[in-house]
Structures are given as structure tokens and as C-alpha cells.
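Trainee: Dropping in structure_34.txt, with compact mmCIF, C-alpha atoms and all ligand atoms.
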# COMPACT_ATOMS: atom_id res chain seq x y z
CA MET A 1381 48.34 83.95 -37.28
CA ALA A 1382 47.51 85.20 -33.81
CA ASP A 1383 44.54 87.52 -33.54
CA ALA A 1384 45.98 90.80 -32.30
CA LYS A 1385 42.68 92.56 -31.53
CA GLU A 1386 42.27 94.26 -28.22
CA SER A 1387 39.50 92.65 -26.19
CA ALA A 1388 36.47 94.67 -25.15
CA GLY A 1389 37.13 93.70 -21.53
CA ALA A 1390 40.76 94.80 -21.62
CA SER A 1391 40.00 98.03 -23.45
CA ASN A 1392 37.69 99.43 -20.78
CA LEU A 1393 39.09 98.36 -17.44
CA ALA A 1394 38.09 100.67 -14.65
CA GLY A 1395 40.07 100.61 -11.43
CA ALA A 1396 38.65 98.07 -9.00
CA PRO A 1397 39.92 98.29 -5.45
CA GLY A 1398 40.26 94.90 -3.77
CA LEU A 1399 40.18 92.98 -7.05
CA ASP A 1400 43.91 92.53 -7.43
CA SER A 1401 43.73 89.15 -9.11
CA GLU A 1402 45.02 87.49 -12.26
CA THR A 1403 41.85 85.41 -12.42
CA TRP A 1404 39.23 88.13 -12.15
CA GLU A 1405 39.04 91.45 -13.86
CA PRO A 1406 36.50 94.18 -13.37
CA ALA A 1407 33.65 94.41 -15.84
CA PRO A 1408 34.10 96.92 -18.66
CA SER A 1409 32.13 100.10 -18.66
CA THR A 1410 30.15 101.28 -21.68
CA PRO A 1411 30.43 102.22 -24.52
CA LEU A 1412 31.23 98.83 -25.94
CA ALA A 1413 33.84 98.27 -28.56
CA PRO A 1414 32.31 97.45 -31.96
CA GLY A 1415 32.11 93.68 -32.50
CA LEU A 1416 30.05 90.53 -32.33
CA TYR A 1417 29.12 89.54 -28.75
CA LEU A 1418 28.05 85.88 -28.31
CA VAL A 1419 25.85 86.11 -25.24
CA ALA A 1420 24.83 82.98 -23.31
CA THR A 1421 21.32 83.03 -21.81
CA PRO A 1422 19.74 80.70 -19.20
CA ILE A 1423 18.76 77.09 -20.05
CA GLY A 1424 15.79 77.22 -17.67
CA ASN A 1425 16.48 79.13 -14.49
CA LEU A 1426 16.41 82.86 -15.22
CA GLY A 1427 18.81 83.43 -12.34
CA ASP A 1428 21.54 81.89 -14.47
CA ILE A 1429 21.94 84.94 -16.68
CA THR A 1430 25.22 86.63 -15.85
CA LEU A 1431 25.69 90.24 -14.79
CA ARG A 1432 27.95 90.72 -17.78
CA ALA A 1433 25.36 89.25 -20.18
CA LEU A 1434 22.83 91.80 -18.91
CA ASP A 1435 25.35 94.64 -19.24
CA ILE A 1436 26.19 93.62 -22.78
CA LEU A 1437 22.55 93.19 -23.84
CA ARG A 1438 21.83 96.67 -22.48
CA ALA A 1439 24.84 98.20 -24.19
CA VAL A 1440 24.80 96.70 -27.70
CA ASP A 1441 23.14 98.45 -30.63
CA ARG A 1442 21.19 95.42 -31.81
CA ILE A 1443 20.46 91.87 -30.69
CA ALA A 1444 20.41 89.07 -33.29
CA CYS A 1445 18.13 86.28 -32.03
CA GLU A 1446 17.37 82.71 -33.01
CA ASP A 1447 13.71 83.58 -32.31
CA THR A 1448 12.90 87.23 -31.65
CA ARG A 1449 9.66 86.38 -29.76
CA GLN A 1450 11.50 84.04 -27.38
CA THR A 1451 14.28 86.58 -26.72
CA GLN A 1452 11.74 89.35 -26.26
CA LYS A 1453 10.35 87.46 -23.24
CA LEU A 1454 13.83 87.42 -21.72
CA LEU A 1455 14.41 91.09 -22.49
CA ASN A 1456 11.02 92.02 -21.00
CA HIS A 1457 11.84 90.10 -17.84
CA PHE A 1458 15.06 92.06 -17.39
CA GLU A 1459 13.49 95.31 -18.61
CA ILE A 1460 15.89 95.64 -21.52
CA VAL A 1461 14.64 97.68 -24.45
CA LYS A 1462 16.70 96.97 -27.55
CA PRO A 1463 16.06 96.40 -31.28
CA THR A 1464 16.10 92.70 -32.19
CA VAL A 1465 16.59 90.97 -35.51
CA SER A 1466 16.20 87.30 -36.42
CA CYS A 1467 19.25 85.15 -37.10
CA HIS A 1468 18.30 81.48 -37.39
CA GLU A 1469 19.35 78.43 -39.38
CA HIS A 1470 17.34 79.53 -42.44
CA ASN A 1471 18.68 83.09 -42.76
CA GLU A 1472 22.05 82.98 -40.96
CA HIS A 1473 24.04 83.27 -44.21
CA THR A 1474 22.29 86.38 -45.53
CA ARG A 1475 21.93 87.92 -42.08
CA ALA A 1476 25.68 87.44 -41.46
CA THR A 1477 26.54 89.83 -44.29
CA GLU A 1478 24.22 92.52 -42.92
CA LEU A 1479 25.39 92.16 -39.30
CA ILE A 1480 29.06 92.26 -40.29
CA GLN A 1481 28.40 95.47 -42.25
CA ASN A 1482 26.80 96.90 -39.08
CA ILE A 1483 29.89 96.00 -37.05
CA LYS A 1484 32.23 97.46 -39.66
CA ALA A 1485 30.20 100.66 -39.41
CA GLY A 1486 31.04 100.79 -35.69
CA LYS A 1487 28.10 98.94 -34.12
CA ALA A 1488 28.13 96.37 -31.30
CA ILE A 1489 25.91 93.38 -32.10
CA ALA A 1490 24.87 90.63 -29.67
CA LEU A 1491 23.94 87.15 -30.81
CA VAL A 1492 21.68 85.04 -28.57
CA SER A 1493 19.97 81.71 -29.10
CA ASP A 1494 16.66 80.59 -27.58
CA ALA A 1495 18.48 79.19 -24.56
CA GLY A 1496 22.05 78.54 -23.48
CA THR A 1497 25.21 79.24 -25.41
CA PRO A 1498 24.92 80.39 -29.03
CA ALA A 1499 26.54 78.16 -31.67
CA ILE A 1500 26.28 75.04 -29.48
CA SER A 1501 23.66 72.98 -31.39
CA ASP A 1502 22.26 76.40 -32.21
CA PRO A 1503 22.84 79.04 -34.93
CA GLY A 1504 26.02 81.08 -34.67
CA SER A 1505 29.00 79.17 -36.09
CA TRP A 1506 28.53 80.52 -39.60
CA LEU A 1507 28.23 84.10 -38.41
CA VAL A 1508 31.33 83.71 -36.22
CA ARG A 1509 33.41 82.28 -39.07
CA GLU A 1510 32.28 85.05 -41.41
CA ALA A 1511 32.99 87.71 -38.79
CA ILE A 1512 36.50 86.38 -38.25
CA ALA A 1513 37.10 86.20 -42.00
CA ALA A 1514 35.91 89.82 -42.30
CA GLY A 1515 38.33 90.85 -39.55
CA VAL A 1516 35.71 92.00 -37.04
CA PRO A 1517 36.18 91.24 -33.32
CA VAL A 1518 34.22 88.36 -31.77
CA PHE A 1519 33.68 88.28 -27.98
CA PRO A 1520 32.39 85.26 -26.02
CA ILE A 1521 30.10 86.20 -23.11
CA PRO A 1522 29.97 82.83 -21.31
CA GLY A 1523 27.11 81.42 -19.29
CA ALA A 1524 24.73 78.48 -19.15
CA ASN A 1525 25.16 75.43 -21.35
CA ALA A 1526 23.18 72.19 -21.00
CA ALA A 1527 26.00 69.80 -21.97
CA ILE A 1528 28.52 71.15 -19.46
CA SER A 1529 25.91 71.50 -16.70
CA ALA A 1530 24.93 67.84 -17.21
CA LEU A 1531 28.55 66.67 -17.36
CA ILE A 1532 29.72 68.28 -14.14
CA ALA A 1533 26.92 66.69 -12.08
CA SER A 1534 26.78 63.38 -13.95
CA GLY A 1535 29.45 61.56 -11.96
CA LEU A 1536 30.97 60.36 -15.26
CA PRO A 1537 34.57 61.22 -16.19
CA ALA A 1538 34.92 64.93 -16.80
CA GLU A 1539 38.67 64.96 -17.47
CA GLU A 1540 38.06 63.94 -21.07
CA PHE A 1541 34.75 64.29 -22.85
CA GLU A 1542 33.28 64.76 -26.28
CA PHE A 1543 30.14 66.70 -27.13
CA LEU A 1544 28.33 65.15 -30.08
CA GLY A 1545 25.11 67.17 -30.27
CA PHE A 1546 21.97 65.48 -31.60
CA LEU A 1547 22.09 61.93 -32.97
CA PRO A 1548 20.33 61.21 -36.29
CA GLU A 1549 16.55 61.03 -35.89
CA LYS A 1550 16.10 58.00 -38.16
CA SER A 1551 16.67 54.68 -36.48
CA GLY A 1552 18.95 53.19 -39.20
CA ALA A 1553 21.21 56.23 -39.40
CA ARG A 1554 21.36 56.43 -35.60
CA ARG A 1555 22.49 52.83 -35.24
CA THR A 1556 25.16 53.28 -37.90
CA ARG A 1557 26.40 56.37 -36.03
CA LEU A 1558 26.49 54.49 -32.72
CA GLU A 1559 28.31 51.54 -34.28
CA ASN A 1560 30.91 53.92 -35.71
CA LEU A 1561 31.26 55.64 -32.34
CA ALA A 1562 31.76 52.24 -30.68
CA LYS A 1563 34.58 51.47 -33.11
CA ILE A 1564 36.24 54.82 -32.42
CA ALA A 1565 35.77 54.32 -28.67
CA ALA A 1566 37.44 50.92 -28.84
CA LEU A 1567 40.46 52.54 -30.48
CA ALA A 1568 40.56 55.35 -27.91
CA ALA A 1569 40.00 53.09 -24.90
CA PRO A 1570 42.67 52.74 -22.22
CA SER A 1571 45.00 49.83 -22.77
CA GLN A 1572 48.08 48.43 -21.06
CA ALA A 1573 50.08 49.43 -24.11
CA ASP A 1574 49.03 53.07 -23.72
CA PRO A 1575 47.83 53.69 -20.16
CA ARG A 1576 47.64 57.45 -20.77
CA LYS A 1577 44.30 56.94 -22.47
CA THR A 1578 41.53 57.36 -19.95
CA ALA A 1579 37.81 56.69 -19.83
CA ARG A 1580 35.86 59.51 -21.39
CA THR A 1581 32.31 60.74 -21.51
CA LEU A 1582 30.27 61.21 -24.67
CA ILE A 1583 27.53 63.84 -24.42
CA PHE A 1584 24.43 64.00 -26.61
CA TYR A 1585 21.32 66.16 -26.79
CA GLU A 1586 18.15 64.12 -27.20
CA ALA A 1587 14.43 64.75 -27.65
CA PRO A 1588 12.19 63.16 -24.99
CA HIS A 1589 10.13 61.17 -27.51
CA ARG A 1590 13.28 59.55 -28.94
CA LEU A 1591 15.03 58.81 -25.64
CA LEU A 1592 13.82 55.21 -25.25
CA ALA A 1593 14.65 54.34 -28.83
CA THR A 1594 18.13 55.85 -28.49
CA LEU A 1595 18.79 54.03 -25.22
CA ALA A 1596 17.66 50.76 -26.86
CA ASP A 1597 20.13 51.40 -29.67
CA PHE A 1598 22.90 52.11 -27.14
CA GLU A 1599 22.11 48.85 -25.35
CA ASN A 1600 22.16 46.90 -28.61
CA VAL A 1601 25.40 48.40 -29.84
CA TRP A 1602 27.38 48.94 -26.60
CA GLY A 1603 25.90 46.25 -24.33
CA PRO A 1604 23.57 46.40 -21.28
CA ALA A 1605 26.35 47.33 -18.81
CA LEU A 1606 27.09 50.68 -20.47
CA ARG A 1607 27.04 53.42 -17.85
CA VAL A 1608 24.67 56.21 -18.78
CA VAL A 1609 23.23 59.34 -17.22
CA VAL A 1610 20.02 61.02 -18.32
CA ALA A 1611 20.00 64.68 -17.21
CA ARG A 1612 16.51 66.11 -17.54
CA GLU A 1613 15.15 69.64 -17.11
CA LEU A 1614 18.44 71.06 -15.83
CA THR A 1615 18.20 74.13 -13.61
CA LYS A 1616 14.37 73.88 -13.64
CA ILE A 1617 11.91 72.81 -10.93
CA HIS A 1618 11.74 69.21 -12.17
CA GLU A 1619 15.49 68.76 -12.65
CA GLU A 1620 16.39 65.08 -12.52
CA PHE A 1621 19.42 62.86 -12.99
CA LEU A 1622 18.99 59.15 -13.76
CA ARG A 1623 22.29 57.32 -13.31
CA GLY A 1624 23.00 53.63 -13.87
CA THR A 1625 23.57 51.05 -16.56
CA VAL A 1626 21.69 51.56 -19.79
CA ALA A 1627 19.52 48.53 -18.92
CA GLU A 1628 18.61 50.02 -15.49
CA VAL A 1629 17.87 53.49 -16.82
CA ARG A 1630 15.71 52.06 -19.63
CA ARG A 1631 13.77 49.96 -17.11
CA GLU A 1632 13.10 53.03 -14.99
CA LEU A 1633 11.97 55.10 -17.97
CA LEU A 1634 9.78 52.28 -19.30
CA SER A 1635 7.90 52.27 -16.01
CA ARG A 1636 6.79 55.88 -16.64
CA ASP A 1637 3.71 56.90 -18.60
CA ARG A 1638 5.51 59.63 -20.46
CA ILE A 1639 8.96 61.14 -20.76
CA ARG A 1640 8.92 64.92 -20.84
CA GLY A 1641 11.29 67.82 -20.79
CA GLU A 1642 14.67 68.68 -22.20
CA ILE A 1643 17.32 66.00 -22.05
CA VAL A 1644 21.06 65.55 -22.10
CA LEU A 1645 22.23 61.96 -22.47
CA LEU A 1646 25.74 61.05 -21.34
CA ILE A 1647 27.57 57.75 -21.66
CA GLU A 1648 30.86 56.53 -20.32
CA SER A 1649 33.11 55.24 -23.03
CA PRO A 1650 35.71 52.93 -21.46
CA ALA A 1651 37.25 49.80 -23.01
CA GLN A 1652 35.16 47.29 -21.11
CA THR A 1653 31.80 48.50 -22.41
CA VAL A 1654 32.86 47.86 -25.98
CA SER A 1655 34.32 44.42 -25.28
CA PRO A 1656 33.88 41.49 -27.69
CA GLY A 1657 31.23 40.22 -25.24
CA ALA A 1658 29.23 43.41 -25.67
CA ALA A 1659 29.62 43.24 -29.41
CA GLN A 1660 28.34 39.68 -29.34
CA HIS A 1661 25.44 40.79 -27.17
CA ALA A 1662 24.66 43.37 -29.80
CA ALA A 1663 24.60 40.72 -32.51
CA THR A 1664 22.35 38.34 -30.59
CA ALA A 1665 20.13 41.17 -29.32
CA GLN A 1666 19.40 42.16 -32.89
CA GLU A 1667 18.89 38.61 -34.14
CA LYS A 1668 16.58 37.11 -31.57
CA ILE A 1669 13.36 39.06 -31.69
CA ALA A 1670 11.39 35.79 -31.76
CA ASP A 1671 13.01 34.67 -28.50
CA ARG A 1672 12.31 37.98 -26.82
CA ILE A 1673 8.71 37.93 -27.93
CA ALA A 1674 8.36 34.40 -26.58
CA ARG A 1675 9.78 35.51 -23.21
CA ILE A 1676 7.50 38.56 -22.98
CA ARG A 1677 4.53 36.31 -23.82
CA SER A 1678 5.35 33.71 -21.20
CA GLU A 1679 6.17 36.30 -18.51
CA ASN A 1680 2.97 38.25 -19.06
CA GLY A 1681 0.53 35.65 -20.44
CA ILE A 1682 -0.20 37.75 -23.53
CA ASP A 1683 -0.50 36.95 -27.24
CA GLU A 1684 2.13 37.59 -29.88
CA LYS A 1685 0.48 40.79 -31.12
CA GLU A 1686 0.50 42.33 -27.64
CA ALA A 1687 4.08 41.15 -26.99
CA LEU A 1688 5.18 42.73 -30.28
CA LYS A 1689 3.53 45.98 -29.22
CA ARG A 1690 5.40 45.96 -25.89
CA LEU A 1691 8.73 45.16 -27.51
CA ALA A 1692 8.20 47.94 -30.06
CA ARG A 1693 7.60 50.43 -27.23
CA GLU A 1694 10.62 49.13 -25.32
CA GLN A 1695 12.84 49.60 -28.37
CA GLY A 1696 11.18 52.83 -29.49
CA ARG A 1697 10.37 51.30 -32.88
CA SER A 1698 7.15 50.88 -34.84
CA LYS A 1699 5.23 47.59 -34.59
CA SER A 1700 5.28 47.14 -38.36
CA GLU A 1701 9.07 47.63 -38.54
CA LEU A 1702 9.57 45.05 -35.78
CA TYR A 1703 7.08 42.67 -37.38
CA ARG A 1704 8.89 42.84 -40.71
CA GLU A 1705 12.18 42.09 -38.93
CA LEU A 1706 10.57 39.16 -37.13
CA GLN A 1707 9.35 37.77 -40.44
CA ARG A 1708 12.80 38.16 -41.97
CA GLU A 1709 14.33 36.41 -38.95
CA ARG A 1710 11.89 33.51 -39.26
CA ALA A 1711 12.46 33.21 -42.99
CA ALA A 1712 16.20 33.06 -42.43
CA HIS A 1713 15.86 30.21 -39.94
CA ARG A 1714 13.58 28.08 -42.15
N1 LIG B 1801 22.68 76.11 -27.03
C1 LIG B 1801 22.08 75.28 -26.03
C2 LIG B 1801 23.11 75.00 -24.93
O1 LIG B 1801 24.03 75.80 -24.77
O2 LIG B 1801 23.00 74.02 -24.22
C3 LIG B 1801 21.53 74.02 -26.61
C4 LIG B 1801 20.49 74.23 -27.67
S1 LIG B 1801 19.85 72.76 -28.35
C5 LIG B 1801 18.89 73.39 -29.70
C6 LIG B 1801 18.58 72.30 -27.24
C7 LIG B 1801 18.86 70.98 -26.57
O3 LIG B 1801 19.74 71.20 -25.47
C8 LIG B 1801 17.62 70.34 -25.96
O4 LIG B 1801 16.92 69.57 -26.91
C9 LIG B 1801 18.23 69.47 -24.89
O5 LIG B 1801 18.75 68.29 -25.43
C10 LIG B 1801 19.39 70.36 -24.39
N2 LIG B 1801 18.92 71.22 -23.29
C11 LIG B 1801 18.67 72.54 -23.33
N3 LIG B 1801 18.25 72.98 -22.13
C12 LIG B 1801 18.23 71.91 -21.31
C13 LIG B 1801 17.87 71.71 -19.95
N4 LIG B 1801 17.45 72.71 -19.19
N5 LIG B 1801 17.97 70.46 -19.43
C14 LIG B 1801 18.41 69.44 -20.19
N6 LIG B 1801 18.75 69.57 -21.49
C15 LIG B 1801 18.66 70.79 -22.05
Just give me the structure of the file as C-alpha cells.

Mentor:
Amino acid sequence: MADAKESAGASNLAGAPGLDSETWEPAPSTPLAPGLYLVATPIGNLGDITLRALDILRAVDRIACEDTRQTQKLLNHFEIVKPTVSCHEHNEHTRATELIQNIKAGKAIALVSDAGTPAISDPGSWLVREAIAAGVPVFPIPGANAAISALIASGLPAEEFEFLGFLPEKSGARRTRLENLAKIAALAAPSQADPRKTARTLIFYEAPHRLLATLADFENVWGPALRVVVARELTKIHEEFLRGTVAEVRRELLSRDRIRGEIVLLIESPAQTVSPGAAQHAATAQEKIADRIARIRSENGIDEKEALKRLAREQGRSKSELYRELQRERAAHR
């Protein structure tokens, strides 16, 4: 059933000379309508907070925060004095009940996460669902988001994309996830039979210390020609985009001492990157650790132990895990 609530914006429109547009509407004046306001905050650059976000944070009765200390820094910067309350993954369920009671009693409540848009790989979805079920109004206050910021400057297809959040941390689970994604991508890929299907971009959030391991998994599962973009430290001083094939981007990152900062990883998911050739590459890449160790040894004049160490770093895996796999491989070929 359609939600027939009146929006906070529409309920408080002041006259705005010169703004006779169907696209833009003047900002509402206070007091705010009771409801849950999902307020996006910057992902790095403080200048990315919106005028409306500031108005709403100033006007609400209470701000529910993923981390009250983190939000307090933001509020201090903008000289906003407002009661805060925690609402994070460990207390969202119980806090939801309390906040919804507040709203039903006529209060306006804002929800913010540590950075970016609430509910996007952050707490919020539960509270929103509960609020809707309880019949209280929910208002999006849009602003910064890392996935969309990375996508629009990536150079990868933006007509169709899928945001997949964080991949599993454990190597085995991550590979299974990537293999399943590759199968789905093959089904969704453009074909002569159905030319309407277009290349699309898959967007992930990734931790800097797992980036090399994840890229190695992508190369194994999707092949070395997969087009990827690593978007790092968006909107901050050290903002950086690395664009290229997964093999090229891995090479560049391997040449660095350390990978720091916040990261969005994007891949292009067209038919040709999940071709039978790439699948075969994946099979051989996983089987031939002994061959790769031999190549690293001959190229660098180092012993097997050192070569194993380098390969482990390259693949983001532990030496012992790789060694066990090498032993299994050798046993299988005896
Ligand atoms: N809700 C946030 C949003 O709207 O983007 C995302 C929160 S999620 C817990 C945090 C992850 O988002 C980081 O680990 C990183 O992958 C990504 N991220 C956040 N800020 C970023 C930035 N400035 N540059 C690149 N990635 C960022």
C-alpha cells in the first residue's frame, strides 16, 4: 500500500522567489515534523555535509549515533548542541523501541552513522523497518556515500551497478562468494540472444589490510584481465584512484610498503572477464603453486622458503597455509 504520509519538506514550504522549479524546492523551516531523519554525514571532507543536514541536526530533539564520541566531534565542529544517544549494531534492536516511542510522542529523531549514509554497511536498516512497521514517518536526508562517490569517478559502467558491501573476511568464504558472483555475472552478461543486458559494475567496501588478498582472489576467480578500480581515501587529502586490470593494480600495490586508508573496490562484470579461458586460468592458477614458486626463485635467485614468503604476501595468505597447499599439490602429483 502506498505510504500516504505528508513529507516534512512538503509540509513546511516557505515561499521562495526565483525558485520556480519542479526539481528544487525550498528548505523547510522549523519546527520539524515528528519522525525519523536519516542524516548523511561526510566521508572525509567536512565540506560535504549538506545545508539541510545541518538544519535537521540543529532542529531535531535527539540524535541517535553509531558512536556518540565520533558524532560529537562533528557536532562540535558545526557548533551544534544536541542530546545524543548510541544506536549501533549491538543495541539497535532495543534502541529502536525507545526511539520509536519518542517519535510517537511527537519528537523528531535523527540517525547518523560514523561517516556517510546511515544504513549503508552501517546501522539503521532495522530501525527504519521497525519505524515503518510502527507507522512513523521516515525521512532520508541525502549526502555523502563512499560507494556512489567511487562509482561516478571510476570510469566503469554506471548505468547498471550492484553494491555488495564487505566481502567475507575469511579467505575460503571469500573465494566461495566470488565464485558464486562469477556464476551470476556469467548469467547476467550481455549476449547476442539478449543484447539488452549491459556490462555492470560491482562495488565492494574493503579493509586496507585485506585488499591484496581480495585482489588475488579476484584474479584467481575472474582472470587477470578483469577491470578493477581501487578508490582510496575519497574526498580526503590523499584521495587516489587506481584503474587497470586486476593484475596491473595488484602489481602497483605490491610495489608499496603499506596500503593505508579507506577503500572502495569496484570491478567491471562483463561477459568476457568470466569466459571459459578465465575460468581455466583460475583452475591452473590455484593448482600450480610449485610452478609459481619455481619462477619466483629463478627470477630472483632466492630459496624456496623466501619464494614462498613472497608468494604468500602477493596472495595475501599465510606462509603456512600456502605451504600446506604446496604439500598437497606435490602429494597429488606423486
Ligand atoms: N555508510 C558509509 C557510506 O555511506 O559510504 C559506509 C560505512 S562502512 C562501515 C565504511 C567503509 O566504507 C570503509 O571501510 C570503506 O570501505 C568505505 N569508505 C568510507 N569512507 C571512505 C572514503 N573516504 N574513501 C574510500 N572508502 C570509504

Trainee: Kindly work out which residues sit at most 7 Å from ligand LIG 1801 (chain B), using all atoms listed in the file, and give the list as an NGL selection string.

Mentor: :A and (1423-1424 or 1493 or 1495-1502 or 1524-1527 or 1585-1587 or 1611-1616 or 1642-1644)

Trainee: Set the distance at 12 Å and use only C-alpha atoms: which residues neighbour Leu1633 (chain A) once local chain neighbours fewer than 3 positions away are removed? I'd like the list as a list in words.

Mentor: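 Selected residues are Pro1588, His1589, Arg1590, Leu1591, Leu1592, Ala1593, Leu1595, Ala1596, Val1610, Arg1612, Phe1621, Leu1622, Arg1623, Gly1624, Val1626, Ala1627, Glu1628, Val1629, Arg1630, Arg1636, Asp1637, Arg1638, Ile1639, Arg1640, Arg1693, Glu1694, Gln1695 and Gly1696 of chain A.
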
Trainee: Have a look at A:Lys1689, A:Arg1672, A:Arg1580, A:His1470 and name the one nearest to Ala1565 (chain A); count all atoms listed in the file.

Mentor: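 Smallest distance to Ala1565 (chain A) is found for A:Arg1580.
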
Trainee: Counting only C-alpha atoms, which residue out of A:Ile1480, A:Ile1460, A:Ser1678, A:Ala1670 sits closest to Pro1517 (chain A)?

Mentor: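 With only C-alpha atoms as the atom set, the closest residue is A:Ile1480.
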
Trainee: Which is closest to Glu1701 (chain A) among A:Gly1552, A:Trp1602, A:Ile1647, A:Ile1617, if we use only C-alpha atoms?

Mentor: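 Answer, going by the shortest atom-to-atom distance: A:Gly1552.
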
Trainee: What is the CA of Arg1557 (chain A) to CA of Asn1600 (chain A) distance in Å?

Mentor: 12.8 Å

Trainee: Which neighbours of Thr1451 (chain A) fall inside 10 Å, counting all atoms listed in the file, when residues of the same chain fewer than 5 positions from it are skipped, and could you give them as a list of chain:residue names?

Mentor: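 Here the answer would be A:Thr1421, A:Ile1443, A:Ala1444, A:Cys1445, A:Glu1446, A:Asn1456, A:His1457, A:Thr1464, A:Ser1466, A:Val1492, A:Ser1493, A:Asp1494, A:Ala1495.
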
Trainee: Just checking: using all atoms listed in the file, which residue out of A:Gly1415, A:Pro1463, A:Gly1681, A:Pro1537 ends up closest to Pro1520 (chain A)?

Mentor: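 Using all atoms listed in the file, Pro1520 (chain A) sits closest to A:Gly1415.
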
Trainee: Hey, which of A:Ile1676, A:Leu1558, A:Ile1521, A:Ile1489 ends up closest to Leu1434 (chain A)? Count all atoms listed in the file.

Mentor: A:Ile1521
